[in-house]
$ cat model_17.txt   # compact mmCIF, N, CA and C atoms
# COMPACT_ATOMS: atom_id res chain seq x y z
N MET A 1 108.25 110.13 67.36
CA MET A 1 109.03 109.16 68.10
C MET A 1 108.08 108.20 68.81
N THR A 2 108.34 106.91 68.69
CA THR A 2 107.52 105.88 69.33
C THR A 2 108.17 105.48 70.65
N ALA A 3 107.37 105.46 71.69
CA ALA A 3 107.88 105.05 73.00
C ALA A 3 108.05 103.53 73.04
N ASN A 4 109.03 103.09 73.78
CA ASN A 4 109.21 101.65 73.99
C ASN A 4 108.12 101.14 74.92
N GLY A 5 107.61 99.97 74.62
CA GLY A 5 106.59 99.37 75.47
C GLY A 5 107.20 98.52 76.57
N VAL A 6 106.35 98.10 77.49
CA VAL A 6 106.78 97.24 78.58
C VAL A 6 105.93 95.97 78.53
N LEU A 7 106.60 94.84 78.30
CA LEU A 7 105.93 93.54 78.28
C LEU A 7 106.07 92.89 79.65
N PHE A 8 104.95 92.52 80.25
CA PHE A 8 104.94 91.91 81.57
C PHE A 8 104.59 90.43 81.43
N GLN A 9 105.47 89.56 81.89
CA GLN A 9 105.19 88.11 81.86
C GLN A 9 104.28 87.80 83.03
N TYR A 10 103.02 87.46 82.75
CA TYR A 10 102.03 87.27 83.81
C TYR A 10 101.91 85.81 84.23
N PHE A 11 103.03 85.15 84.43
CA PHE A 11 103.04 83.78 84.92
C PHE A 11 104.47 83.38 85.18
N HIS A 12 104.63 82.30 85.89
CA HIS A 12 105.93 81.65 86.01
C HIS A 12 105.66 80.16 86.17
N TRP A 13 106.68 79.37 86.09
CA TRP A 13 106.51 77.92 86.09
C TRP A 13 105.72 77.44 87.30
N HIS A 14 105.90 78.09 88.42
CA HIS A 14 105.26 77.66 89.66
C HIS A 14 104.01 78.46 90.00
N SER A 15 103.36 79.04 89.00
CA SER A 15 102.09 79.71 89.25
C SER A 15 101.13 78.72 89.89
N LYS A 16 100.28 79.22 90.79
CA LYS A 16 99.33 78.34 91.47
C LYS A 16 98.48 77.58 90.46
N ASN A 17 98.15 76.34 90.79
CA ASN A 17 97.31 75.55 89.89
C ASN A 17 95.88 75.47 90.42
N ASP A 18 95.39 76.59 90.93
CA ASP A 18 94.04 76.63 91.50
C ASP A 18 93.01 77.25 90.57
N GLY A 19 93.39 77.51 89.32
CA GLY A 19 92.43 78.02 88.35
C GLY A 19 92.08 79.49 88.52
N THR A 20 92.91 80.29 89.18
CA THR A 20 92.57 81.68 89.44
C THR A 20 93.34 82.70 88.61
N LEU A 21 94.30 82.28 87.81
CA LEU A 21 95.17 83.24 87.12
C LEU A 21 94.39 84.15 86.18
N TRP A 22 93.48 83.61 85.40
CA TRP A 22 92.74 84.45 84.46
C TRP A 22 91.89 85.49 85.21
N ARG A 23 91.23 85.07 86.29
CA ARG A 23 90.43 86.03 87.07
C ARG A 23 91.32 87.11 87.68
N GLU A 24 92.47 86.69 88.18
CA GLU A 24 93.41 87.65 88.77
C GLU A 24 93.88 88.67 87.73
N LEU A 25 94.18 88.21 86.53
CA LEU A 25 94.62 89.11 85.47
C LEU A 25 93.53 90.12 85.14
N ALA A 26 92.30 89.67 85.03
CA ALA A 26 91.19 90.59 84.74
C ALA A 26 91.09 91.66 85.82
N GLU A 27 91.25 91.26 87.06
CA GLU A 27 91.15 92.19 88.19
C GLU A 27 92.33 93.15 88.27
N ARG A 28 93.51 92.73 87.84
CA ARG A 28 94.72 93.53 88.00
C ARG A 28 95.16 94.26 86.73
N ALA A 29 94.42 94.12 85.65
CA ALA A 29 94.82 94.74 84.38
C ALA A 29 94.97 96.26 84.51
N ALA A 30 94.03 96.90 85.16
CA ALA A 30 94.10 98.36 85.31
C ALA A 30 95.33 98.77 86.12
N GLU A 31 95.63 98.03 87.16
CA GLU A 31 96.81 98.31 87.99
C GLU A 31 98.09 98.19 87.15
N LEU A 32 98.16 97.13 86.33
CA LEU A 32 99.33 96.95 85.48
C LEU A 32 99.48 98.11 84.50
N GLY A 33 98.38 98.55 83.92
CA GLY A 33 98.42 99.68 83.00
C GLY A 33 98.90 100.95 83.69
N ARG A 34 98.43 101.20 84.91
CA ARG A 34 98.86 102.39 85.66
C ARG A 34 100.35 102.34 85.96
N GLN A 35 100.90 101.14 86.06
CA GLN A 35 102.33 100.99 86.36
C GLN A 35 103.20 101.07 85.11
N GLY A 36 102.59 101.28 83.96
CA GLY A 36 103.35 101.46 82.74
C GLY A 36 103.44 100.25 81.83
N VAL A 37 102.80 99.16 82.21
CA VAL A 37 102.80 97.97 81.37
C VAL A 37 101.97 98.26 80.12
N THR A 38 102.48 97.88 78.96
CA THR A 38 101.74 98.08 77.71
C THR A 38 101.32 96.78 77.06
N ALA A 39 101.91 95.66 77.50
CA ALA A 39 101.57 94.36 76.94
C ALA A 39 101.74 93.28 78.01
N ILE A 40 100.93 92.24 77.90
CA ILE A 40 100.96 91.15 78.87
C ILE A 40 101.20 89.85 78.11
N TRP A 41 102.11 89.06 78.64
CA TRP A 41 102.43 87.75 78.07
C TRP A 41 101.79 86.71 78.98
N ILE A 42 100.86 85.94 78.43
CA ILE A 42 100.15 84.94 79.23
C ILE A 42 100.68 83.54 78.89
N PRO A 43 100.49 82.60 79.82
CA PRO A 43 100.98 81.24 79.59
C PRO A 43 100.09 80.50 78.58
N PRO A 44 100.54 79.32 78.15
CA PRO A 44 99.71 78.53 77.25
C PRO A 44 98.32 78.33 77.86
N ALA A 45 97.31 78.65 77.09
CA ALA A 45 95.94 78.65 77.62
C ALA A 45 95.23 77.32 77.44
N TYR A 46 95.82 76.41 76.71
CA TYR A 46 95.15 75.15 76.39
C TYR A 46 95.43 74.08 77.45
N LYS A 47 94.70 73.00 77.35
CA LYS A 47 94.81 71.89 78.31
C LYS A 47 96.12 71.15 78.12
N GLY A 48 96.84 70.98 79.22
CA GLY A 48 98.08 70.22 79.21
C GLY A 48 97.84 68.77 79.59
N ALA A 49 98.84 67.95 79.40
CA ALA A 49 98.72 66.51 79.63
C ALA A 49 98.39 66.17 81.08
N ASP A 50 98.76 67.04 82.02
CA ASP A 50 98.46 66.79 83.43
C ASP A 50 97.23 67.59 83.89
N GLY A 51 96.36 67.93 82.94
CA GLY A 51 95.11 68.60 83.24
C GLY A 51 95.29 69.89 84.02
N PRO A 52 94.57 70.05 85.13
CA PRO A 52 94.59 71.31 85.87
C PRO A 52 95.91 71.56 86.61
N ASN A 53 96.83 70.64 86.55
CA ASN A 53 98.13 70.83 87.19
C ASN A 53 99.23 71.17 86.19
N ASP A 54 98.91 71.15 84.91
CA ASP A 54 99.91 71.30 83.87
C ASP A 54 100.08 72.76 83.46
N PRO A 55 101.31 73.28 83.45
CA PRO A 55 101.53 74.67 83.06
C PRO A 55 101.33 74.94 81.57
N GLY A 56 101.05 73.91 80.78
CA GLY A 56 100.72 74.10 79.38
C GLY A 56 101.83 73.76 78.40
N TYR A 57 102.96 73.32 78.90
CA TYR A 57 104.07 73.01 78.00
C TYR A 57 104.11 71.54 77.60
N ALA A 58 103.25 70.73 78.17
CA ALA A 58 103.06 69.35 77.73
C ALA A 58 101.68 69.32 77.08
N VAL A 59 101.61 69.80 75.86
CA VAL A 59 100.34 70.02 75.17
C VAL A 59 99.53 68.74 75.09
N TYR A 60 98.28 68.83 75.54
CA TYR A 60 97.35 67.71 75.39
C TYR A 60 96.33 68.02 74.31
N ASP A 61 95.65 69.17 74.43
CA ASP A 61 94.61 69.52 73.47
C ASP A 61 94.67 71.03 73.20
N LEU A 62 95.18 71.39 72.03
CA LEU A 62 95.30 72.81 71.67
C LEU A 62 93.95 73.52 71.60
N PHE A 63 92.88 72.76 71.46
CA PHE A 63 91.57 73.36 71.27
C PHE A 63 90.72 73.38 72.54
N ASP A 64 91.27 72.89 73.63
CA ASP A 64 90.56 72.92 74.92
C ASP A 64 91.17 74.02 75.76
N LEU A 65 90.49 75.17 75.80
CA LEU A 65 90.96 76.32 76.56
C LEU A 65 90.34 76.38 77.95
N GLY A 66 89.84 75.23 78.40
CA GLY A 66 89.18 75.18 79.69
C GLY A 66 87.68 75.15 79.53
N GLU A 67 87.24 74.30 78.61
CA GLU A 67 85.80 74.20 78.37
C GLU A 67 85.30 72.76 78.25
N PHE A 68 86.22 71.81 78.20
CA PHE A 68 85.83 70.41 78.06
C PHE A 68 86.32 69.59 79.25
N GLU A 69 85.55 68.61 79.64
CA GLU A 69 85.94 67.69 80.71
C GLU A 69 86.97 66.72 80.15
N GLN A 70 88.22 67.01 80.41
CA GLN A 70 89.32 66.15 79.98
C GLN A 70 90.42 66.21 81.03
N LYS A 71 91.13 65.14 81.18
CA LYS A 71 92.27 65.07 82.09
C LYS A 71 91.89 65.47 83.52
N GLY A 72 90.68 65.12 83.91
CA GLY A 72 90.27 65.30 85.30
C GLY A 72 89.65 66.64 85.66
N ALA A 73 89.45 67.52 84.68
CA ALA A 73 88.85 68.82 84.99
C ALA A 73 88.38 69.50 83.71
N VAL A 74 87.51 70.47 83.89
CA VAL A 74 87.12 71.32 82.78
C VAL A 74 88.16 72.42 82.62
N ARG A 75 88.51 73.07 83.70
CA ARG A 75 89.45 74.20 83.64
C ARG A 75 90.87 73.73 83.34
N THR A 76 91.68 74.65 82.91
CA THR A 76 93.11 74.42 82.80
C THR A 76 93.74 74.84 84.12
N LYS A 77 95.04 74.80 84.21
CA LYS A 77 95.73 75.25 85.42
C LYS A 77 95.33 76.68 85.77
N TYR A 78 95.00 77.47 84.76
CA TYR A 78 94.80 78.91 84.94
C TYR A 78 93.34 79.35 85.01
N GLY A 79 92.41 78.47 84.65
CA GLY A 79 91.00 78.82 84.70
C GLY A 79 90.24 78.26 83.51
N THR A 80 89.07 78.83 83.28
CA THR A 80 88.20 78.37 82.20
C THR A 80 88.33 79.26 80.97
N ARG A 81 87.78 78.80 79.87
CA ARG A 81 87.78 79.56 78.63
C ARG A 81 87.11 80.91 78.81
N GLU A 82 85.96 80.94 79.48
CA GLU A 82 85.24 82.19 79.71
C GLU A 82 86.08 83.16 80.52
N GLU A 83 86.78 82.66 81.53
CA GLU A 83 87.63 83.53 82.35
C GLU A 83 88.81 84.06 81.54
N LEU A 84 89.36 83.23 80.66
CA LEU A 84 90.44 83.66 79.78
C LEU A 84 89.98 84.80 78.88
N LEU A 85 88.83 84.62 78.24
CA LEU A 85 88.32 85.65 77.34
C LEU A 85 88.01 86.93 78.09
N ARG A 86 87.47 86.81 79.31
CA ARG A 86 87.18 87.98 80.13
C ARG A 86 88.48 88.74 80.46
N ALA A 87 89.53 88.01 80.79
CA ALA A 87 90.82 88.62 81.12
C ALA A 87 91.40 89.34 79.90
N ILE A 88 91.34 88.71 78.74
CA ILE A 88 91.86 89.33 77.53
C ILE A 88 91.09 90.60 77.21
N ARG A 89 89.76 90.53 77.30
CA ARG A 89 88.94 91.72 77.03
C ARG A 89 89.26 92.84 78.01
N ALA A 90 89.41 92.50 79.30
CA ALA A 90 89.71 93.52 80.31
C ALA A 90 91.02 94.22 79.98
N ALA A 91 92.02 93.46 79.60
CA ALA A 91 93.32 94.05 79.26
C ALA A 91 93.22 94.90 77.99
N GLN A 92 92.58 94.37 76.96
CA GLN A 92 92.49 95.10 75.70
C GLN A 92 91.67 96.37 75.82
N GLU A 93 90.62 96.36 76.65
CA GLU A 93 89.82 97.56 76.86
C GLU A 93 90.63 98.68 77.48
N LEU A 94 91.70 98.33 78.17
CA LEU A 94 92.59 99.31 78.78
C LEU A 94 93.76 99.67 77.87
N GLY A 95 93.75 99.12 76.65
CA GLY A 95 94.80 99.42 75.70
C GLY A 95 96.03 98.54 75.82
N LEU A 96 95.95 97.49 76.62
CA LEU A 96 97.08 96.57 76.77
C LEU A 96 97.02 95.51 75.67
N GLN A 97 98.17 95.17 75.14
CA GLN A 97 98.26 94.08 74.19
C GLN A 97 98.40 92.78 74.98
N VAL A 98 97.90 91.70 74.41
CA VAL A 98 98.00 90.40 75.08
C VAL A 98 98.68 89.42 74.11
N TYR A 99 99.76 88.82 74.59
CA TYR A 99 100.50 87.84 73.81
C TYR A 99 100.39 86.48 74.50
N ALA A 100 99.97 85.49 73.76
CA ALA A 100 99.83 84.14 74.32
C ALA A 100 101.05 83.31 73.99
N ASP A 101 101.54 82.59 74.96
CA ASP A 101 102.62 81.64 74.74
C ASP A 101 101.99 80.38 74.17
N VAL A 102 102.38 80.01 72.97
CA VAL A 102 101.83 78.83 72.31
C VAL A 102 103.00 77.94 71.91
N VAL A 103 103.02 76.74 72.41
CA VAL A 103 104.11 75.81 72.13
C VAL A 103 103.54 74.66 71.32
N LEU A 104 103.86 74.64 70.04
CA LEU A 104 103.28 73.65 69.15
C LEU A 104 104.10 72.37 69.03
N ASN A 105 105.36 72.41 69.43
CA ASN A 105 106.20 71.23 69.23
C ASN A 105 106.35 70.35 70.47
N HIS A 106 105.75 70.71 71.57
CA HIS A 106 105.78 69.87 72.78
C HIS A 106 104.49 69.07 72.82
N ARG A 107 104.39 68.07 72.03
CA ARG A 107 103.14 67.34 71.87
C ARG A 107 103.15 66.04 72.65
N GLN A 108 102.21 65.91 73.57
CA GLN A 108 102.05 64.67 74.31
C GLN A 108 101.12 63.73 73.55
N GLY A 109 100.38 64.27 72.60
CA GLY A 109 99.48 63.46 71.80
C GLY A 109 98.24 63.04 72.55
N ALA A 110 97.32 62.50 71.82
CA ALA A 110 96.08 62.02 72.43
C ALA A 110 96.36 60.71 73.15
N ASP A 111 95.49 60.39 74.05
CA ASP A 111 95.63 59.12 74.76
C ASP A 111 94.39 58.27 74.53
N GLU A 112 94.21 57.28 75.34
CA GLU A 112 93.04 56.43 75.18
C GLU A 112 91.78 57.26 75.32
N GLN A 113 90.71 56.81 74.68
CA GLN A 113 89.46 57.53 74.76
C GLN A 113 89.02 57.62 76.21
N GLU A 114 88.62 58.84 76.61
CA GLU A 114 88.22 59.04 78.00
C GLU A 114 86.73 59.00 78.15
$ encode --input "model_17.txt" --output "structure tokens"
Amino acid sequence: MTANGVLFQYFHWHSKNDGTLWRELAERAAELGRQGVTAIWIPPAYKGADGPNDPGYAVYDLFDLGEFEQKGAVRTKYGTREELLRAIRAAQELGLQVYADVVLNHRQGADEQE
């Protein structure tokens, strides 16, 4: 018999835009596992049209996970690429699955060369 898992949504529309979400997830992954969480759903990790203020649903650059200077910052709303990878590794090392929210049809498109 397979046990049902528990998916925890680790964001909401009004998550702080201070670039700390990925670091917080890495720090709290063990706590979530102890509470019975088996999988974590993270927000869109790529750069949104409003840069570090964008929750990721107004896609600007699918390939910028917080590593390029675009839209006024290197980081995304949630942190940098390195912090994202650290958070995913921390969760996976504890046996947690990580699901990324990826929205491909909300395209703001490229803008003028920056």
$ residues_around --input "model_17.txt" --residues "Arg107 in chain A" --least-positions-apart "4" --cutoff "6.5 Å" --atoms "all atoms listed in the file" --output "number ranges by chain"
A: 58-60
$ write_last_selection --input "model_17.txt" --atoms "N, CA and C atoms" --output "short mmCIF file (atom, residue, chain, number, x, y, z; two decimals), in the coordinates of the input"
data_model
loop_
_atom_site.label_atom_id
_atom_site.label_comp_id
_atom_site.auth_asym_id
_atom_site.auth_seq_id
_atom_site.Cartn_x
_atom_site.Cartn_y
_atom_site.Cartn_z
N ALA A 58 103.25 70.73 78.17
CA ALA A 58 103.06 69.35 77.73
C ALA A 58 101.68 69.32 77.08
N VAL A 59 101.61 69.80 75.86
CA VAL A 59 100.34 70.02 75.17
C VAL A 59 99.53 68.74 75.09
N TYR A 60 98.28 68.83 75.54
CA TYR A 60 97.35 67.71 75.39
C TYR A 60 96.33 68.02 74.31
#
$ closest_residue --input "model_17.txt" --among "A:Ala39, A:Leu85, A:Val74, A:Ala45" --to "Val98 in chain A" --atoms "only N, CA and C atoms"
A:Ala39
$ residues_near_point --input "model_17.txt" --point "(89.8, 80.5, 90.0)" --cutoff "8 Å" --atoms "all atoms listed in the file" --output "CSV table (one decimal) with N, CA and C atoms, in the coordinates of the input"
chain,number,residue,atom,x,y,z
A,17,ASN,N,98.2,76.3,90.8
A,17,ASN,CA,97.3,75.6,89.9
A,17,ASN,C,95.9,75.5,90.4
A,18,ASP,N,95.4,76.6,90.9
A,18,ASP,CA,94.0,76.6,91.5
A,18,ASP,C,93.0,77.2,90.6
A,19,GLY,N,93.4,77.5,89.3
A,19,GLY,CA,92.4,78.0,88.4
A,19,GLY,C,92.1,79.5,88.5
A,20,THR,N,92.9,80.3,89.2
A,20,THR,CA,92.6,81.7,89.4
A,20,THR,C,93.3,82.7,88.6
A,21,LEU,N,94.3,82.3,87.8
A,21,LEU,CA,95.2,83.2,87.1
A,21,LEU,C,94.4,84.2,86.2
A,22,TRP,N,93.5,83.6,85.4
A,22,TRP,CA,92.7,84.4,84.5
A,22,TRP,C,91.9,85.5,85.2
A,23,ARG,N,91.2,85.1,86.3
A,23,ARG,CA,90.4,86.0,87.1
A,23,ARG,C,91.3,87.1,87.7
A,24,GLU,N,92.5,86.7,88.2
A,24,GLU,CA,93.4,87.6,88.8
A,24,GLU,C,93.9,88.7,87.7
A,77,LYS,N,95.0,74.8,84.2
A,77,LYS,CA,95.7,75.2,85.4
A,77,LYS,C,95.3,76.7,85.8
A,78,TYR,N,95.0,77.5,84.8
A,78,TYR,CA,94.8,78.9,84.9
A,78,TYR,C,93.3,79.4,85.0
A,79,GLY,N,92.4,78.5,84.6
A,79,GLY,CA,91.0,78.8,84.7
A,79,GLY,C,90.2,78.3,83.5
A,80,THR,N,89.1,78.8,83.3
A,80,THR,CA,88.2,78.4,82.2
A,80,THR,C,88.3,79.3,81.0
$ atom_distance --input "model_17.txt" --atom1 "atom N of Arg86 in chain A" --atom2 "atom N of Tyr10 in chain A"
15.9 Å
$ residues_near_point --input "model_17.txt" --point "(87.2, 78.9, 75.8)" --cutoff "6 Å" --atoms "all atoms listed in the file" --output "compact mmCIF listing (two decimals) with N, CA and C atoms, in the coordinates of the input"
# COMPACT_ATOMS: atom_id res chain seq x y z
N LEU A 65 90.49 75.17 75.80
CA LEU A 65 90.96 76.32 76.56
C LEU A 65 90.34 76.38 77.95
N GLY A 66 89.84 75.23 78.40
CA GLY A 66 89.18 75.18 79.69
C GLY A 66 87.68 75.15 79.53
N GLU A 67 87.24 74.30 78.61
CA GLU A 67 85.80 74.20 78.37
C GLU A 67 85.30 72.76 78.25
N THR A 80 89.07 78.83 83.28
CA THR A 80 88.20 78.37 82.20
C THR A 80 88.33 79.26 80.97
N ARG A 81 87.78 78.80 79.87
CA ARG A 81 87.78 79.56 78.63
C ARG A 81 87.11 80.91 78.81
N GLU A 82 85.96 80.94 79.48
CA GLU A 82 85.24 82.19 79.71
C GLU A 82 86.08 83.16 80.52
$ select_by_dssp --input "model_17.txt" --residues "chain A" --states "strand (DSSP E)" --output "JSON list (two decimals) with N, CA and C atoms, keeping the file's coordinate frame"
[["chain", "number", "residue", "atom", "x", "y", "z"],
["A", 7, "LEU", "N", 106.60, 94.84, 78.30],
["A", 7, "LEU", "CA", 105.93, 93.54, 78.28],
["A", 7, "LEU", "C", 106.07, 92.89, 79.65],
["A", 8, "PHE", "N", 104.95, 92.52, 80.25],
["A", 8, "PHE", "CA", 104.94, 91.91, 81.57],
["A", 8, "PHE", "C", 104.59, 90.43, 81.43],
["A", 9, "GLN", "N", 105.47, 89.56, 81.89],
["A", 9, "GLN", "CA", 105.19, 88.11, 81.86],
["A", 9, "GLN", "C", 104.28, 87.80, 83.03],
["A", 39, "ALA", "N", 101.91, 95.66, 77.50],
["A", 39, "ALA", "CA", 101.57, 94.36, 76.94],
["A", 39, "ALA", "C", 101.74, 93.28, 78.01],
["A", 40, "ILE", "N", 100.93, 92.24, 77.90],
["A", 40, "ILE", "CA", 100.96, 91.15, 78.87],
["A", 40, "ILE", "C", 101.20, 89.85, 78.11],
["A", 41, "TRP", "N", 102.11, 89.06, 78.64],
["A", 41, "TRP", "CA", 102.43, 87.75, 78.07],
["A", 41, "TRP", "C", 101.79, 86.71, 78.98],
["A", 42, "ILE", "N", 100.86, 85.94, 78.43],
["A", 42, "ILE", "CA", 100.15, 84.94, 79.23],
["A", 42, "ILE", "C", 100.68, 83.54, 78.89],
["A", 47, "LYS", "N", 94.70, 73.00, 77.35],
["A", 47, "LYS", "CA", 94.81, 71.89, 78.31],
["A", 47, "LYS", "C", 96.12, 71.15, 78.12],
["A", 48, "GLY", "N", 96.84, 70.98, 79.22],
["A", 48, "GLY", "CA", 98.08, 70.22, 79.21],
["A", 48, "GLY", "C", 97.84, 68.77, 79.59],
["A", 59, "VAL", "N", 101.61, 69.80, 75.86],
["A", 59, "VAL", "CA", 100.34, 70.02, 75.17],
["A", 59, "VAL", "C", 99.53, 68.74, 75.09],
["A", 60, "TYR", "N", 98.28, 68.83, 75.54],
["A", 60, "TYR", "CA", 97.35, 67.71, 75.39],
["A", 60, "TYR", "C", 96.33, 68.02, 74.31],
["A", 61, "ASP", "N", 95.65, 69.17, 74.43],
["A", 61, "ASP", "CA", 94.61, 69.52, 73.47],
["A", 61, "ASP", "C", 94.67, 71.03, 73.20],
["A", 97, "GLN", "N", 98.17, 95.17, 75.14],
["A", 97, "GLN", "CA", 98.26, 94.08, 74.19],
["A", 97, "GLN", "C", 98.40, 92.78, 74.98],
["A", 98, "VAL", "N", 97.90, 91.70, 74.41],
["A", 98, "VAL", "CA", 98.00, 90.40, 75.08],
["A", 98, "VAL", "C", 98.68, 89.42, 74.11],
["A", 99, "TYR", "N", 99.76, 88.82, 74.59],
["A", 99, "TYR", "CA", 100.50, 87.84, 73.81],
["A", 99, "TYR", "C", 100.39, 86.48, 74.50],
["A", 100, "ALA", "N", 99.97, 85.49, 73.76],
["A", 100, "ALA", "CA", 99.83, 84.14, 74.32],
["A", 100, "ALA", "C", 101.05, 83.31, 73.99]]
$ closest_residue --input "model_17.txt" --among "A:Asp54, A:Glu31, A:Gln9, A:Ala100" --to "Leu84 in chain A" --atoms "only C-alpha atoms"
A:Ala100
$ select_by_dssp --input "model_17.txt" --residues "chain A" --states "alpha helix (DSSP H)" --output "list in words"
Leu21, Trp22, Arg23, Glu24, Leu25, Ala26, Glu27, Arg28, Ala29, Ala30, Glu31, Leu32, Gly33, Arg34, Arg81, Glu82, Glu83, Leu84, Leu85, Arg86, Ala87, Ile88, Arg89, Ala90, Ala91, Gln92 and Glu93 of chain A
$ closest_residue --input "model_17.txt" --among "A:Glu83, A:Glu93, A:Pro43, A:Gly33" --to "Pro55 in chain A" --atoms "all atoms listed in the file"
A:Pro43
$ atom_distance --input "model_17.txt" --atom1 "CA of Asn53 in chain A" --atom2 "CA of Lys16 in chain A"
8.7 Å
$ residues_around --input "model_17.txt" --residues "Leu7 in chain A" --least-positions-apart "3" --cutoff "8 Å" --atoms "all atoms listed in the file" --output "count of residues only"
8
$ decode --input "model_17.txt" --residues "range 12-43 of chain A" --atoms "C-alpha atoms" --output "PDB file, in the first residue's frame"
ATOM      1  CA  HIS A  12       1.441  32.868  -2.249  1.00  0.00           C
ATOM      2  CA  TRP A  13       0.728  35.857  -4.445  1.00  0.00           C
ATOM      3  CA  HIS A  14       1.823  38.280  -1.734  1.00  0.00           C
ATOM      4  CA  SER A  15       5.071  36.556  -0.778  1.00  0.00           C
ATOM      5  CA  LYS A  16       7.686  39.131   0.203  1.00  0.00           C
ATOM      6  CA  ASN A  17       9.682  40.503  -2.715  1.00  0.00           C
ATOM      7  CA  ASP A  18      12.910  40.786  -0.735  1.00  0.00           C
ATOM      8  CA  GLY A  19      14.704  37.866  -2.384  1.00  0.00           C
ATOM      9  CA  THR A  20      14.639  35.593   0.688  1.00  0.00           C
ATOM     10  CA  LEU A  21      12.192  32.825  -0.260  1.00  0.00           C
ATOM     11  CA  TRP A  22      14.769  30.379  -1.617  1.00  0.00           C
ATOM     12  CA  ARG A  23      17.015  30.817   1.446  1.00  0.00           C
ATOM     13  CA  GLU A  24      14.019  30.386   3.738  1.00  0.00           C
ATOM     14  CA  LEU A  25      13.003  27.179   1.966  1.00  0.00           C
ATOM     15  CA  ALA A  26      16.505  25.729   2.323  1.00  0.00           C
ATOM     16  CA  GLU A  27      16.457  26.536   6.046  1.00  0.00           C
ATOM     17  CA  ARG A  28      12.945  25.166   6.651  1.00  0.00           C
ATOM     18  CA  ALA A  29      13.029  22.024   4.489  1.00  0.00           C
ATOM     19  CA  ALA A  30      13.829  19.735   7.426  1.00  0.00           C
ATOM     20  CA  GLU A  31      11.011  21.244   9.492  1.00  0.00           C
ATOM     21  CA  LEU A  32       8.554  20.690   6.633  1.00  0.00           C
ATOM     22  CA  GLY A  33       9.663  17.066   6.320  1.00  0.00           C
ATOM     23  CA  ARG A  34       9.200  16.484  10.060  1.00  0.00           C
ATOM     24  CA  GLN A  35       5.661  17.842   9.739  1.00  0.00           C
ATOM     25  CA  GLY A  36       4.803  15.236   7.116  1.00  0.00           C
ATOM     26  CA  VAL A  37       5.300  17.220   3.924  1.00  0.00           C
ATOM     27  CA  THR A  38       6.509  14.986   1.089  1.00  0.00           C
ATOM     28  CA  ALA A  39       6.587  17.504  -1.773  1.00  0.00           C
ATOM     29  CA  ILE A  40       7.011  21.253  -2.158  1.00  0.00           C
ATOM     30  CA  TRP A  41       5.462  23.410  -4.863  1.00  0.00           C
ATOM     31  CA  ILE A  42       7.599  26.466  -5.602  1.00  0.00           C
ATOM     32  CA  PRO A  43       6.641  29.587  -7.558  1.00  0.00           C
TER      33      PRO A  43
END
